[in-house]
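**Student:** Here you go, this is protein-v3.pdb (PDB, C-alpha atoms).
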ATOM      1  CA  MET A   1      -0.329  10.855  27.598  1.00  0.00           C
ATOM      2  CA  VAL A   2       0.645  11.446  24.008  1.00  0.00           C
ATOM      3  CA  VAL A   3       3.578   9.441  22.636  1.00  0.00           C
ATOM      4  CA  THR A   4       6.440  11.486  21.252  1.00  0.00           C
ATOM      5  CA  ASP A   5       8.748   8.637  20.255  1.00  0.00           C
ATOM      6  CA  ILE A   6       8.996   7.890  16.544  1.00  0.00           C
ATOM      7  CA  LEU A   7       8.274   4.263  15.706  1.00  0.00           C
ATOM      8  CA  ARG A   8      10.848   2.854  13.266  1.00  0.00           C
ATOM      9  CA  VAL A   9       9.913  -0.009  10.945  1.00  0.00           C
ATOM     10  CA  ASP A  10      11.765  -1.938   8.221  1.00  0.00           C
ATOM     11  CA  VAL A  11       9.875  -3.455   5.278  1.00  0.00           C
ATOM     12  CA  PHE A  12      10.614  -4.577   1.739  1.00  0.00           C
ATOM     13  CA  GLU A  13       9.750  -2.243  -1.127  1.00  0.00           C
ATOM     14  CA  ASP A  14       6.468  -2.910  -2.953  1.00  0.00           C
ATOM     15  CA  SER A  15       5.114  -4.762   0.101  1.00  0.00           C
ATOM     16  CA  GLY A  16       1.978  -4.126   2.072  1.00  0.00           C
ATOM     17  CA  PHE A  17       2.248  -4.013   5.857  1.00  0.00           C
ATOM     18  CA  SER A  18       0.343  -2.893   8.945  1.00  0.00           C
ATOM     19  CA  ILE A  19       1.180  -0.099  11.342  1.00  0.00           C
ATOM     20  CA  MET A  20      -0.054  -1.204  14.772  1.00  0.00           C
ATOM     21  CA  ALA A  21       0.135   0.678  18.053  1.00  0.00           C
ATOM     22  CA  ARG A  22      -1.506   1.184  21.387  1.00  0.00           C
ATOM     23  CA  ILE A  23      -2.456   4.862  21.239  1.00  0.00           C
ATOM     24  CA  LYS A  24      -3.432   6.857  24.302  1.00  0.00           C
ATOM     25  CA  GLY A  25      -5.129  10.226  24.298  1.00  0.00           C
ATOM     26  CA  GLN A  26      -4.069  13.291  26.227  1.00  0.00           C
ATOM     27  CA  ASP A  27      -5.955  12.012  29.268  1.00  0.00           C
ATOM     28  CA  GLY A  28      -3.786   8.875  29.343  1.00  0.00           C
ATOM     29  CA  ALA A  29      -6.660   6.556  28.415  1.00  0.00           C
ATOM     30  CA  ASN A  30      -6.600   4.315  25.369  1.00  0.00           C
ATOM     31  CA  ILE A  31      -8.290   6.000  22.418  1.00  0.00           C
ATOM     32  CA  THR A  32     -11.658   4.697  21.277  1.00  0.00           C
ATOM     33  CA  GLN A  33     -13.714   5.377  18.185  1.00  0.00           C
ATOM     34  CA  ALA A  34     -15.945   7.783  20.131  1.00  0.00           C
ATOM     35  CA  SER A  35     -12.977   9.687  21.549  1.00  0.00           C
ATOM     36  CA  LEU A  36     -11.864  10.885  18.075  1.00  0.00           C
ATOM     37  CA  THR A  37     -13.370  13.088  15.387  1.00  0.00           C
ATOM     38  CA  SER A  38     -10.758  12.497  12.673  1.00  0.00           C
ATOM     39  CA  ILE A  39      -7.460  10.886  11.747  1.00  0.00           C
ATOM     40  CA  ALA A  40      -5.491  12.499   8.925  1.00  0.00           C
ATOM     41  CA  ILE A  41      -2.407  10.925   7.390  1.00  0.00           C
ATOM     42  CA  LYS A  42       0.381  12.307   5.270  1.00  0.00           C
ATOM     43  CA  VAL A  43       3.270  10.248   3.947  1.00  0.00           C
ATOM     44  CA  PHE A  44       6.585  11.770   2.889  1.00  0.00           C
ATOM     45  CA  ASP A  45       9.436  10.121   0.981  1.00  0.00           C
ATOM     46  CA  LEU A  46      12.372  11.554   2.925  1.00  0.00           C
ATOM     47  CA  SER A  47      14.831  10.133   0.395  1.00  0.00           C
ATOM     48  CA  SER A  48      13.264  11.842  -2.616  1.00  0.00           C
ATOM     49  CA  ALA A  49      14.243  15.126  -4.254  1.00  0.00           C
ATOM     50  CA  THR A  50      11.156  16.707  -2.614  1.00  0.00           C
ATOM     51  CA  PRO A  51      11.082  15.273   0.924  1.00  0.00           C
ATOM     52  CA  THR A  52       8.610  17.860   2.249  1.00  0.00           C
ATOM     53  CA  THR A  53       5.986  17.105  -0.415  1.00  0.00           C
ATOM     54  CA  ALA A  54       3.427  14.537   0.723  1.00  0.00           C
ATOM     55  CA  ILE A  55       3.025  11.502  -1.545  1.00  0.00           C
ATOM     56  CA  VAL A  56      -0.134  10.556   0.397  1.00  0.00           C
ATOM     57  CA  ASP A  57      -2.508  13.119   1.909  1.00  0.00           C
ATOM     58  CA  THR A  58      -5.804  11.647   3.079  1.00  0.00           C
ATOM     59  CA  THR A  59      -7.889  10.684   6.084  1.00  0.00           C
ATOM     60  CA  ARG A  60      -8.663   7.342   7.669  1.00  0.00           C
ATOM     61  CA  THR A  61     -12.096   6.058   8.620  1.00  0.00           C
ATOM     62  CA  ILE A  62     -11.955   5.869  12.407  1.00  0.00           C
ATOM     63  CA  ALA A  63     -14.118   2.735  12.617  1.00  0.00           C
ATOM     64  CA  THR A  64     -11.680   0.946  10.293  1.00  0.00           C
ATOM     65  CA  VAL A  65      -8.406   1.736  12.089  1.00  0.00           C
ATOM     66  CA  VAL A  66      -9.363   2.222  15.771  1.00  0.00           C
ATOM     67  CA  PHE A  67     -10.525  -0.606  18.037  1.00  0.00           C
ATOM     68  CA  ASP A  68     -12.462   0.082  21.246  1.00  0.00           C
ATOM     69  CA  THR A  69     -10.843  -2.926  22.934  1.00  0.00           C
ATOM     70  CA  LEU A  70      -7.216  -3.979  22.716  1.00  0.00           C
ATOM     71  CA  GLN A  71      -6.523  -6.537  20.003  1.00  0.00           C
ATOM     72  CA  VAL A  72      -4.005  -9.384  20.186  1.00  0.00           C
ATOM     73  CA  ASP A  73      -3.213 -11.560  17.193  1.00  0.00           C
ATOM     74  CA  GLU A  74      -0.214 -13.245  15.568  1.00  0.00           C
ATOM     75  CA  ARG A  75       0.991  -9.948  14.080  1.00  0.00           C
ATOM     76  CA  TRP A  76       1.251  -8.194  17.470  1.00  0.00           C
ATOM     77  CA  THR A  77       4.495  -9.183  19.197  1.00  0.00           C
ATOM     78  CA  ALA A  78       5.230  -6.126  21.363  1.00  0.00           C
ATOM     79  CA  ASP A  79       3.494  -7.439  24.501  1.00  0.00           C
ATOM     80  CA  GLY A  80       0.499  -9.440  25.685  1.00  0.00           C
ATOM     81  CA  ARG A  81      -1.806  -6.439  26.119  1.00  0.00           C
ATOM     82  CA  GLY A  82      -2.461  -5.607  22.466  1.00  0.00           C
ATOM     83  CA  TYR A  83      -3.075  -2.715  20.088  1.00  0.00           C
ATOM     84  CA  ASN A  84      -5.997  -0.370  19.500  1.00  0.00           C
ATOM     85  CA  PHE A  85      -4.805   1.171  16.222  1.00  0.00           C
ATOM     86  CA  ARG A  86      -4.020  -0.683  12.980  1.00  0.00           C
ATOM     87  CA  ASP A  87      -3.571   0.907   9.592  1.00  0.00           C
ATOM     88  CA  ASP A  88      -3.069  -1.517   6.711  1.00  0.00           C
ATOM     89  CA  ILE A  89      -0.737   0.115   4.191  1.00  0.00           C
ATOM     90  CA  ALA A  90      -0.989  -0.815   0.508  1.00  0.00           C
ATOM     91  CA  ALA A  91       2.107  -2.050  -1.298  1.00  0.00           C
ATOM     92  CA  SER A  92       1.676   0.777  -3.809  1.00  0.00           C
ATOM     93  CA  VAL A  93       2.748   3.353  -1.191  1.00  0.00           C
ATOM     94  CA  LEU A  94       6.309   2.042  -0.756  1.00  0.00           C
ATOM     95  CA  THR A  95       7.512   1.895  -4.337  1.00  0.00           C
ATOM     96  CA  SER A  96      11.230   2.558  -3.864  1.00  0.00           C
ATOM     97  CA  GLY A  97      13.800   0.455  -2.045  1.00  0.00           C
ATOM     98  CA  ASP A  98      16.477   1.982   0.173  1.00  0.00           C
ATOM     99  CA  HIS A  99      14.214   4.931   1.017  1.00  0.00           C
ATOM    100  CA  THR A 100      12.840   6.246   4.286  1.00  0.00           C
ATOM    101  CA  TYR A 101       9.182   7.193   4.377  1.00  0.00           C
ATOM    102  CA  GLN A 102       7.628   9.243   7.166  1.00  0.00           C
ATOM    103  CA  PHE A 103       3.990   8.515   8.053  1.00  0.00           C
ATOM    104  CA  GLU A 104       2.424  11.384  10.007  1.00  0.00           C
ATOM    105  CA  TYR A 105      -0.923  10.658  11.628  1.00  0.00           C
ATOM    106  CA  LEU A 106      -2.819  13.631  13.053  1.00  0.00           C
ATOM    107  CA  PHE A 107      -5.353  12.490  15.660  1.00  0.00           C
ATOM    108  CA  THR A 108      -8.118  14.994  16.446  1.00  0.00           C
ATOM    109  CA  PRO A 109      -9.968  14.150  19.664  1.00  0.00           C
ATOM    110  CA  ALA A 110     -13.599  14.899  20.449  1.00  0.00           C
ATOM    111  CA  SER A 111     -12.284  17.249  23.142  1.00  0.00           C
ATOM    112  CA  GLY A 112      -8.822  18.672  23.657  1.00  0.00           C
ATOM    113  CA  GLU A 113      -5.972  19.361  21.280  1.00  0.00           C
ATOM    114  CA  ALA A 114      -4.881  17.305  18.274  1.00  0.00           C
ATOM    115  CA  TRP A 115      -1.626  15.354  18.378  1.00  0.00           C
ATOM    116  CA  PHE A 116       0.706  13.511  16.000  1.00  0.00           C
ATOM    117  CA  TYR A 117       1.819   9.902  15.858  1.00  0.00           C
ATOM    118  CA  VAL A 118       4.845   9.484  13.564  1.00  0.00           C
ATOM    119  CA  VAL A 119       6.254   6.320  12.003  1.00  0.00           C
ATOM    120  CA  ASN A 120       9.452   6.174   9.946  1.00  0.00           C
ATOM    121  CA  VAL A 121       9.553   3.251   7.518  1.00  0.00           C
ATOM    122  CA  THR A 122      12.804   2.186   5.876  1.00  0.00           C
ATOM    123  CA  THR A 123      12.343   0.132   2.742  1.00  0.00           C
ATOM    124  CA  HIS A 124      14.795  -2.479   1.566  1.00  0.00           C
ATOM    125  CA  ARG A 125      15.338  -3.148  -2.117  1.00  0.00           C
ATOM    126  CA  VAL A 126      14.051  -6.363  -3.651  1.00  0.00           C
ATOM    127  CA  PHE A 127      15.606  -7.314  -6.982  1.00  0.00           C
ATOM    128  CA  THR A 128      12.532  -9.202  -8.195  1.00  0.00           C
ATOM    129  CA  SER A 129      10.269  -6.220  -7.566  1.00  0.00           C
TER
END
Can I see the file as structure tokens?

**Tutor:**
Amino acid sequence: MVVTDILRVDVFEDSGFSIMARIKGQDGANITQASLTSIAIKVFDLSSATPTTAIVDTTRTIATVVFDTLQVDERWTADGRGYNFRDDIAASVLTSGDHTYQFEYLFTPASGEAWFYVVNVTTHRVFTS
């Protein structure tokens, strides 16, 4: 079951943060490293003069961002079950306050069709930044 809801996150500009989620594949099972062949990411600054131009266009190393077992730590507060996807975002990506950035992850499974996971991040201005 592929999620179609957009996750919405608030962070301060010039701050690193982690995008964490429990991602399921099209078969409804939690994704694992072996169940994927690639994860691409594009980031768009929706508040810029060119909102459809990606400011980040790269791929993620599956073994770095996907966990084969659910993880629970102090950062995960959604429930007691945990997450299987965590992407640590560098502070250098969110350089402008009062902007909305759209993170578009394209998951390509070992079998079946690719799907998107989308996160909208609103940044808040920091005067000492």

**Student:** Since I can't run it myself right now, could you work out what the PyMOL selection byres ((chain A and resi 95) around 9) selects here and report it as a ChimeraX atom specification?

**Tutor:** /A:13-15,91-94,96-97,123

**Student:** So that I can see what lies close to A:Ser111, please list as a list in words the residues with an atom at most 9 Å from it, counting all atoms listed in the file and leaving out residues fewer than 4 positions away in the same chain.

**Tutor:**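 What passes the distance filter is Ser35, Leu36 and Thr37 of chain A.
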
**Student:** Since we have the selection now, will you write its residues out, keeping C-alpha atoms, as a short mmCIF file (atom, residue, chain, number, x, y, z; two decimals), keeping the file's coordinate frame?

**Tutor:**
data_model
loop_
_atom_site.label_atom_id
_atom_site.label_comp_id
_atom_site.auth_asym_id
_atom_site.auth_seq_id
_atom_site.Cartn_x
_atom_site.Cartn_y
_atom_site.Cartn_z
CA SER A 35 -12.98 9.69 21.55
CA LEU A 36 -11.86 10.88 18.08
CA THR A 37 -13.37 13.09 15.39
#

**Student:** Can you list, as a PyMOL selection string, the residues that the PyMOL selection byres ((chain A and resi 115) around 10) selects here?

**Tutor:** chain A and resi 2-4+25-26+39+105-109+112-114+116-118

**Student:** For each of A:Asn120, A:Ile31, A:Arg125, A:Ile41, take the minimum atom-to-atom distance to A:Thr69, counting only C-alpha atoms, then give the residue where this is smallest.

**Tutor:**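 Smallest distance to A:Thr69 is found for A:Ile31.
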
**Student:** Report the residues retrieved by the PyMOL selection byres ((chain A and resi 66) around 12) from the displayed file, expressed as number ranges by chain.

**Tutor:** A: 19-24, 30-39, 60-65, 67-71, 83-88, 107

**Student:** Counting only C-alpha atoms, what is within 8 Å of A:Val72, bar same-chain residues fewer than 6 positions away, as a list in words?

**Tutor:**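 The residues that qualify are Gly80, Arg81, Gly82 and Tyr83 of chain A.
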
**Student:** Once you count only C-alpha atoms, what closest atom pair and distance in Å to one decimal does each residue of stretch 16-44 of chain A within 10 Å of stretch 48-57 of chain A have, with rows by chain and rising residue number, as a tab-separated table?

**Tutor:**
residue	atom	partner	partner_atom	distance
A:Ala40	CA	A:Asp57	CA	7.6
A:Ile41	CA	A:Asp57	CA	5.9
A:Lys42	CA	A:Asp57	CA	4.5
A:Val43	CA	A:Val56	CA	4.9
A:Phe44	CA	A:Ala54	CA	4.7

**Student:** Mind working out the centre and edge lengths of an axis-aligned box for stretch 38-48 of chain A, all listed atoms inside, 5 Å added to each side, rounded to one decimal in Å and written as JSON?

**Tutor:**
{"center_x": 2.0, "center_y": 11.3, "center_z": 5.0, "size_x": 35.6, "size_y": 12.4, "size_z": 25.3}

**Student:** In Å, with one decimal, what is the gap from atom CA of A:Ala90 to atom CA of A:Asp5?

**Tutor:**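 Rounded to one decimal, the two atoms are 24.0 Å apart.
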
**Student:** Counting all atoms listed in the file, which residue out of A:Glu104, A:Ser47, A:Leu7, A:Phe12 sits closest to A:Thr128?

**Tutor:**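 Ranked by minimum distance to A:Thr128, first place goes to A:Phe12.
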
**Student:** Need the shell around A:Arg8: protein/DNA/RNA residues with any atom at most 8 Å away, counting only C-alpha atoms. Skip same-chain ones fewer than 4 positions apart. Format as a PDB file with C-alpha atoms, keeping the file's coordinate frame?

**Tutor:**
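Listing of selection.pdb after writing:
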ATOM      1  CA  VAL A 119       6.254   6.320  12.003  1.00  0.00           C
ATOM      2  CA  ASN A 120       9.452   6.174   9.946  1.00  0.00           C
ATOM      3  CA  VAL A 121       9.553   3.251   7.518  1.00  0.00           C
ATOM      4  CA  THR A 122      12.804   2.186   5.876  1.00  0.00           C
TER       5      THR A 122
END

**Student:** Any idea what the distance is between atom CA of A:Asp45 and atom CA of A:Tyr101?

**Tutor:**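 Result for atom CA of A:Asp45 versus atom CA of A:Tyr101: 4.5 Å, one decimal.
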
**Student:** Which is closer to A:His99 than all the others in A:Leu46, A:Val126, A:Ala78, A:Ala29, using only C-alpha atoms?

**Tutor:** A:Leu46

**Student:** Which residue is closest to A:Thr58? Choose from A:Phe103, A:Ile6, A:Asp79, A:Val11 and count all atoms listed in the file.

**Tutor:**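 Among A:Phe103, A:Ile6, A:Asp79, A:Val11, it is A:Phe103 that comes nearest to A:Thr58.
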
**Student:** Figure out the distance between atom CA of A:Gly16 and atom CA of A:Arg75, please, to one decimal in Å.

**Tutor:**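 Atom CA of A:Gly16 lies at a distance of 13.4 Å from atom CA of A:Arg75.
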
**Student:** For each of A:Phe127, A:Asp73, A:Ile89, A:Thr59, take the minimum atom-to-atom distance to A:Phe17, counting all atoms listed in the file, then give the residue where this is smallest.

**Tutor:**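 Among A:Phe127, A:Asp73, A:Ile89, A:Thr59, it is A:Ile89 that comes nearest to A:Phe17.
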